[in-house]
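**Q** Submitted below is the structure of interest, expressed as structure tokens.
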Amino acid sequence: MRWTIKAKPEKDKINALAKALKVEDLVAQLLLQRDISTYEEAKYFFRPELSHLHDPFLMKDMELAVSRIEKAIANNENILVYGDYDVDGTTAVALMSSYLLSYYPNVATYIPDRYKEGYGVSYKGIDFAEDNGFSLIIALDCGVKAIDKVTYAKKKGIDFIICDHHRPGNTIPDAVAVLDPKRDDCSYPYDELCGCGVGFKLIQALGATKGETINDLIPYLDLVATAIGADIVPITGENRVLAYYGLKVINTNPRAGFKAIINQIKKQTLTITDVVFIIAPRINAAGRMVHGQHAVNLLTVEDVNTAEKFASEIEQFNSDRKDLDKVITEQALTQITNNDEQEKFTTVVYQEQWHKGVIGIVASRLTETYYRPTLVFTKSGEKLAASARSVKGFDVYNALEQCSEFIEQFGGHKYAAGLTLSENQYKDFKNQFEKVVTDTIDSNLLTPEISVDMQINLKDITPKLMRIINQFAPFGPGNMTPVFMTDNLVDTGYSKCVGEDNKHLKISVKQKGSNQIGGIGFNLGDKLPLIKSEKSFSAVYSIDENEWQGNVSLQMKLRDIRA
């Protein structure tokens with residue numbers, strides 16, 4: 001692991017902010033590292049308000065979108081709400097369809113089949129719309145690159161409204177409205193919304209024209225917060241407000257589908273991390289294993305008993321997904337070892353029987369193991385389909401663009417993407433991808449980095465500091481949990497390995513002039529000899545609260561240890 005300590009802000013800036021907020025220098029430094037430098041910015045950060053959300057009509061084409069939906073309702077048209085099969089897509093479809101159905105009946109939903117149709121807007125979906133009398137499709141979390149498909153729909157008399165957050169290509173589809181804050185010609189103040197977030201801005205605009213306030217839309221924010229967490233968009237600016245209030249809904253008055261999931265996992269208060277690692281995988285499992293419509297059904301059902309039934313089905317999908325994920329990861333690791341590919345700058349593996357629904361998870365697992373840009377391919381009809389994952393600091397989307405001569409279709413983000421290509425192009429693509437990454441990646445990026453906010457002493461770890469850090473939540477990209485480094489730690493004699501196969505490390509340490517403190521380091525069991533050497537050592541960690549038999553104490557949540 002590379003330990004990188006963030007640059008310390010200028011002393012006068014730390015002093016000025018600490019004085020303005022009446023906080024310690026340590027807290028002021030954490031805030032400055034998050035681009036918060038004034039009392040007003042700190043107030044926005046610590047006290048998010050729904051009034052901080054931007055006017056939805058600042059987004060390009062918003063008036064056109066609202067006008068077309070109002071026209072559809074006035075003319076009694078059928079509206080099809082279309083979205084991708086992942087968490088962002090299914091939550092967006094649940095949000096848009098349930099909002100429209102609250103005052104207009106002629107609304108249906110459509111999630112493409114991952115295996116028969118693939119990602120995004122499909123010709124099959126447009127044909128379905130034509131066959132069933134839909135004259136307006138609202139596409140969420142997809143569509144900004146669907147040039148030919150939108151044209152195909154237009155010839156059939158079907159209009160499109162697109163709500164997307166992916167990077168557009170050189171041409172914008174000929175839709176009635178294309179809502180995408182990443183459009184070059186869109187001056188919306190915040191461009192890091194997820195697909196469900198863009199959908200929320202549309203219902204905010206629709207609500208405003210009907211005289212509704214933002215408070216009327218709070219019940220939809222559980223969906224938006226889940227999409228923000230699952231899609232790993234920055235939890236800054238507008239996303240921070242949406243996630244903050246969405247978590248409140250999840251923990252106080254969630255929709256029936258979320259309540260059913262929470263009842264199964266038996267956890268009382270969920271953080272954004274719980275949403276990412278507990279709720280999101282279950283919603284995703286529907287599209288991975290069977291069909292994404294199951295997720296939409298769960299997220300829109302109002303009857304509690306039916307929600308419990310749907311949640312049980314999805315729990316089984318998730319269990320099946322875990323089993324497949326484990327098997328395929330083991331097969332992929334064996335393939336890498338047998339093909340002697342450990343020395344490359346990329347990981348690219350392929351087996352035609354691998355389940356398309358879990359190759360993205362497998363790609364993430366391989367990235368964790370070898371820490372380099374990774375692609376996992378499987379057979380999908382006549383084509384090969386792949387999921388791509390990257391390492392921090394390297395834009396895999398740009399790398400794929402430089403291999404586009406061998407790719408039929410691709411889309412995604414800096415760190416995660418999907419693509420399809422012909423089987424006869426696989427070898428050439430693999431070679432080109434390795435060449436592009438080798439030529440462009442900084443070799444330092446192939447070693448995992450721990451970004452450390454600052455160096456502190458154990459005496460700085462106090463309940464007051466913990467209370468303030470808790471107010472930094474929700475955490476995520478752009479506002480990660482503060483990570484600290486401390487030198488000259490010494491074992492008190494009670495540190496030991498714990499857990500299955502002694503994989504984990506439980507420590508008890510002290511530093512000159514401080515009380516002892518405990519800590520836990522998951523998968524750090526092999527570091528015990530370093531602690532027991534009777535020499536001092538350094539650690540990077542976040543601060544955590546440990547509850548045991550009703551007692552709450554502060555502990556170090558270890559990231560790494562070194563001599």
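Order determines the names: the first chain of the structure tokens is A, the second B, and so forth; residues in each chain are numbered 1 upward, and ligands are numbered 1 upward as they are shown.
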Quick one: residues within 12 Å of range 307-317 of chain A, only C-alpha atoms counted, chain neighbours fewer than 4 positions away excluded, as an mmCIF file with N, CA and C atoms, in the first residue's frame?

**A**
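After the write, part-v1.cif holds the following:
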```cif
data_model
loop_
_atom_site.group_PDB
_atom_site.id
_atom_site.type_symbol
_atom_site.label_atom_id
_atom_site.label_comp_id
_atom_site.auth_asym_id
_atom_site.auth_seq_id
_atom_site.Cartn_x
_atom_site.Cartn_y
_atom_site.Cartn_z
ATOM 1 N N ARG A 255 -40.233 3.246 2.122
ATOM 2 C CA ARG A 255 -41.300 2.592 1.358
ATOM 3 C C ARG A 255 -41.339 1.106 1.739
ATOM 4 N N ALA A 256 -42.443 0.445 1.383
ATOM 5 C CA ALA A 256 -42.677 -0.939 1.825
ATOM 6 C C ALA A 256 -41.547 -1.873 1.397
ATOM 7 N N GLY A 257 -41.021 -1.674 0.188
ATOM 8 C CA GLY A 257 -39.958 -2.551 -0.315
ATOM 9 C C GLY A 257 -38.688 -2.461 0.501
ATOM 10 N N PHE A 258 -38.279 -1.239 0.832
ATOM 11 C CA PHE A 258 -37.090 -1.056 1.674
ATOM 12 C C PHE A 258 -37.338 -1.602 3.080
ATOM 13 N N LYS A 259 -38.545 -1.362 3.586
ATOM 14 C CA LYS A 259 -38.880 -1.848 4.930
ATOM 15 C C LYS A 259 -38.749 -3.368 4.979
ATOM 16 N N ALA A 260 -39.185 -4.038 3.915
ATOM 17 C CA ALA A 260 -39.111 -5.503 3.872
ATOM 18 C C ALA A 260 -37.662 -5.985 3.862
ATOM 19 N N ILE A 261 -36.786 -5.293 3.123
ATOM 20 C CA ILE A 261 -35.365 -5.663 3.106
ATOM 21 C C ILE A 261 -34.753 -5.434 4.487
ATOM 22 N N ILE A 262 -35.063 -4.266 5.086
ATOM 23 C CA ILE A 262 -34.499 -3.922 6.395
ATOM 24 C C ILE A 262 -34.953 -4.926 7.454
ATOM 25 N N ASN A 263 -36.213 -5.373 7.365
ATOM 26 C CA ASN A 263 -36.715 -6.376 8.312
ATOM 27 C C ASN A 263 -35.937 -7.677 8.203
ATOM 28 N N GLN A 264 -35.519 -8.032 6.974
ATOM 29 C CA GLN A 264 -34.774 -9.279 6.774
ATOM 30 C C GLN A 264 -33.365 -9.192 7.342
ATOM 31 N N ILE A 265 -32.728 -8.028 7.189
ATOM 32 C CA ILE A 265 -31.327 -7.921 7.628
ATOM 33 C C ILE A 265 -31.221 -7.542 9.106
ATOM 34 N N ILE A 278 -25.539 -3.440 1.566
ATOM 35 C CA ILE A 278 -26.635 -4.314 1.992
ATOM 36 C C ILE A 278 -27.851 -4.178 1.074
ATOM 37 N N ILE A 279 -28.344 -2.945 0.913
ATOM 38 C CA ILE A 279 -29.547 -2.762 0.092
ATOM 39 C C ILE A 279 -29.240 -2.884 -1.400
ATOM 40 N N ALA A 280 -28.213 -2.141 -1.871
ATOM 41 C CA ALA A 280 -27.925 -2.097 -3.316
ATOM 42 C C ALA A 280 -27.662 -3.480 -3.926
ATOM 43 N N PRO A 281 -26.843 -4.359 -3.310
ATOM 44 C CA PRO A 281 -26.608 -5.668 -3.930
ATOM 45 C C PRO A 281 -27.888 -6.484 -4.102
ATOM 46 N N ARG A 282 -28.826 -6.315 -3.183
ATOM 47 C CA ARG A 282 -30.087 -7.064 -3.293
ATOM 48 C C ARG A 282 -30.924 -6.547 -4.456
ATOM 49 N N ILE A 283 -30.995 -5.220 -4.603
ATOM 50 C CA ILE A 283 -31.746 -4.659 -5.730
ATOM 51 C C ILE A 283 -31.079 -5.054 -7.046
ATOM 52 N N ASN A 284 -29.752 -4.989 -7.074
ATOM 53 C CA ASN A 284 -29.000 -5.360 -8.272
ATOM 54 C C ASN A 284 -29.178 -6.822 -8.637
ATOM 55 N N ALA A 285 -29.340 -7.679 -7.610
ATOM 56 C CA ALA A 285 -29.398 -9.130 -7.841
ATOM 57 C C ALA A 285 -30.546 -9.519 -8.762
ATOM 58 N N ALA A 286 -31.642 -8.756 -8.732
ATOM 59 C CA ALA A 286 -32.783 -9.072 -9.590
ATOM 60 C C ALA A 286 -32.373 -9.032 -11.067
ATOM 61 N N GLY A 287 -31.753 -7.899 -11.474
ATOM 62 C CA GLY A 287 -31.328 -7.757 -12.864
ATOM 63 C C GLY A 287 -30.194 -8.700 -13.234
ATOM 64 N N ARG A 288 -29.355 -9.034 -12.254
ATOM 65 C CA ARG A 288 -28.231 -9.934 -12.530
ATOM 66 C C ARG A 288 -28.689 -11.370 -12.756
ATOM 67 N N MET A 289 -29.633 -11.822 -11.933
ATOM 68 C CA MET A 289 -29.987 -13.241 -11.930
ATOM 69 C C MET A 289 -31.237 -13.572 -12.743
ATOM 70 N N VAL A 290 -32.223 -12.674 -12.728
ATOM 71 C CA VAL A 290 -33.490 -12.988 -13.417
ATOM 72 C C VAL A 290 -33.896 -11.825 -14.316
ATOM 73 N N HIS A 291 -34.459 -10.766 -13.727
ATOM 74 C CA HIS A 291 -34.885 -9.605 -14.513
ATOM 75 C C HIS A 291 -35.047 -8.407 -13.591
ATOM 76 N N GLY A 292 -34.627 -7.240 -14.071
ATOM 77 C CA GLY A 292 -34.669 -6.025 -13.270
ATOM 78 C C GLY A 292 -36.068 -5.577 -12.889
ATOM 79 N N GLN A 293 -37.083 -6.073 -13.610
ATOM 80 C CA GLN A 293 -38.461 -5.680 -13.276
ATOM 81 C C GLN A 293 -38.842 -6.125 -11.865
ATOM 82 N N HIS A 294 -38.230 -7.216 -11.397
ATOM 83 C CA HIS A 294 -38.497 -7.672 -10.021
ATOM 84 C C HIS A 294 -38.109 -6.584 -9.012
ATOM 85 N N ALA A 295 -37.020 -5.883 -9.285
ATOM 86 C CA ALA A 295 -36.581 -4.803 -8.392
ATOM 87 C C ALA A 295 -37.576 -3.651 -8.421
ATOM 88 N N VAL A 296 -38.043 -3.284 -9.618
ATOM 89 C CA VAL A 296 -39.029 -2.208 -9.735
ATOM 90 C C VAL A 296 -40.310 -2.593 -8.988
ATOM 91 N N ASN A 297 -40.727 -3.848 -9.133
ATOM 92 C CA ASN A 297 -41.936 -4.305 -8.423
ATOM 93 C C ASN A 297 -41.770 -4.141 -6.911
ATOM 94 N N LEU A 298 -40.605 -4.527 -6.395
ATOM 95 C CA LEU A 298 -40.341 -4.402 -4.958
ATOM 96 C C LEU A 298 -40.365 -2.938 -4.518
ATOM 97 N N LEU A 299 -39.786 -2.062 -5.342
ATOM 98 C CA LEU A 299 -39.630 -0.655 -4.961
ATOM 99 C C LEU A 299 -40.898 0.179 -5.147
ATOM 100 N N THR A 300 -41.902 -0.386 -5.819
ATOM 101 C CA THR A 300 -43.140 0.377 -6.054
ATOM 102 C C THR A 300 -44.346 -0.217 -5.321
ATOM 103 N N VAL A 301 -44.220 -1.449 -4.836
ATOM 104 C CA VAL A 301 -45.362 -2.089 -4.169
ATOM 105 C C VAL A 301 -45.713 -1.340 -2.882
ATOM 106 N N GLU A 302 -46.994 -1.239 -2.595
ATOM 107 C CA GLU A 302 -47.428 -0.510 -1.392
ATOM 108 C C GLU A 302 -47.923 -1.443 -0.294
ATOM 109 N N ASP A 303 -48.361 -2.639 -0.665
ATOM 110 C CA ASP A 303 -48.838 -3.599 0.323
ATOM 111 C C ASP A 303 -47.651 -4.260 1.039
ATOM 112 N N ARG A 321 -26.586 -15.215 -6.496
ATOM 113 C CA ARG A 321 -25.549 -14.344 -7.065
ATOM 114 C C ARG A 321 -24.222 -14.512 -6.337
ATOM 115 N N LYS A 322 -24.273 -14.594 -5.010
ATOM 116 C CA LYS A 322 -23.053 -14.762 -4.211
ATOM 117 C C LYS A 322 -22.347 -16.069 -4.564
ATOM 118 N N ASP A 323 -23.131 -17.136 -4.724
ATOM 119 C CA ASP A 323 -22.541 -18.441 -5.047
ATOM 120 C C ASP A 323 -21.836 -18.394 -6.405
ATOM 121 N N LEU A 324 -22.514 -17.805 -7.395
ATOM 122 C CA LEU A 324 -21.936 -17.706 -8.747
ATOM 123 C C LEU A 324 -20.688 -16.841 -8.750
ATOM 124 N N GLY A 357 -24.526 -11.760 -15.574
ATOM 125 C CA GLY A 357 -25.012 -10.925 -14.488
ATOM 126 C C GLY A 357 -24.007 -10.655 -13.387
ATOM 127 N N VAL A 358 -22.937 -11.461 -13.309
ATOM 128 C CA VAL A 358 -21.991 -11.262 -12.198
ATOM 129 C C VAL A 358 -20.588 -10.875 -12.659
#
```

**Q** Within 9 Å of range 225-244 of chain A, which residues of range 77-114 of chain A come that close, and what is the closest atom pair and distance in Å for each? Count only C-alpha atoms and give it as a tab-separated table.

**A**
```
residue	atom	partner	partner_atom	distance
A:Val87	CA	A:Ala227	CA	6.0
A:Asp88	CA	A:Ala227	CA	4.6
A:Gly89	CA	A:Ala227	CA	8.2
A:Thr90	CA	A:Ala227	CA	8.9
A:Thr91	CA	A:Ala227	CA	6.6
A:Ala92	CA	A:Ala227	CA	7.9
```

**Q** For Gln353 in chain A, list every protein, DNA or RNA residue within 12 Å, evaluated using only C-alpha atoms, and leave out those in the same chain fewer than 6 positions away; present the list as a compact mmCIF listing (two decimals) with C-alpha atoms, in the first residue's frame.

**A**
```
# COMPACT_ATOMS: atom_id res chain seq x y z
CA LEU A 324 -21.94 -17.71 -8.75
CA VAL A 327 -17.16 -19.79 -8.36
CA ILE A 328 -16.44 -17.50 -11.32
CA GLN A 331 -12.08 -19.76 -12.18
CA ALA A 332 -10.84 -16.35 -13.34
CA ILE A 359 -19.01 -10.42 -14.42
CA VAL A 376 -14.11 -9.83 -17.63
CA PHE A 377 -15.68 -11.19 -20.83
CA THR A 378 -18.43 -13.71 -21.43
CA LYS A 379 -20.49 -14.85 -24.45
CA SER A 380 -23.72 -12.94 -24.99
CA GLY A 381 -25.64 -14.23 -27.99
CA LEU A 384 -18.80 -11.06 -26.37
CA ALA A 385 -19.80 -8.78 -23.51
```

**Q** Smallest atom-to-atom distance to Val27 in chain A: which of A:Ile450, A:Leu100, A:Val498, A:Ile461, using only C-alpha atoms?

**A** A:Ile461

**Q** Using only C-alpha atoms, which protein or nucleic acid residues come within 12 Å of Asp460 in chain A? Drop anything in the same chain fewer than 2 positions from it, and give the result as a ChimeraX atom specification.

**A** /A:24-27,454-458,462-466,484-486,511,513-515,517,543,554

**Q** Which residue is closest to Lys510 in chain A? Choose from A:Gln335, A:Gln432, A:Asn546, A:Asn488 and count only C-alpha atoms.

**A** A:Asn488

**Q** If you run DSSP on the backbone, which residues of range 151-322 of chain A are strand (DSSP E or B), as a list in words?

**A**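 Everything in range 151-322 of chain A that counts as strand (DSSP E or B) is Asp159, Phe160, Ile161, Ile162, Cys163, Ala177, Val178 and Leu179 of chain A.
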
**Q** My list of candidates is A:Asn78, A:Ser135, A:Ser98, A:Asn215. Which is closest to Leu50 in chain A when distances are computed with only C-alpha atoms?

**A**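 Answer, going by the shortest atom-to-atom distance: A:Asn215.
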
**Q** Quick one: distance from CA of Val224 in chain A to CA of Leu32 in chain A in Å, one decimal?

**A**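 Here the two named atoms are 27.7 Å from each other.
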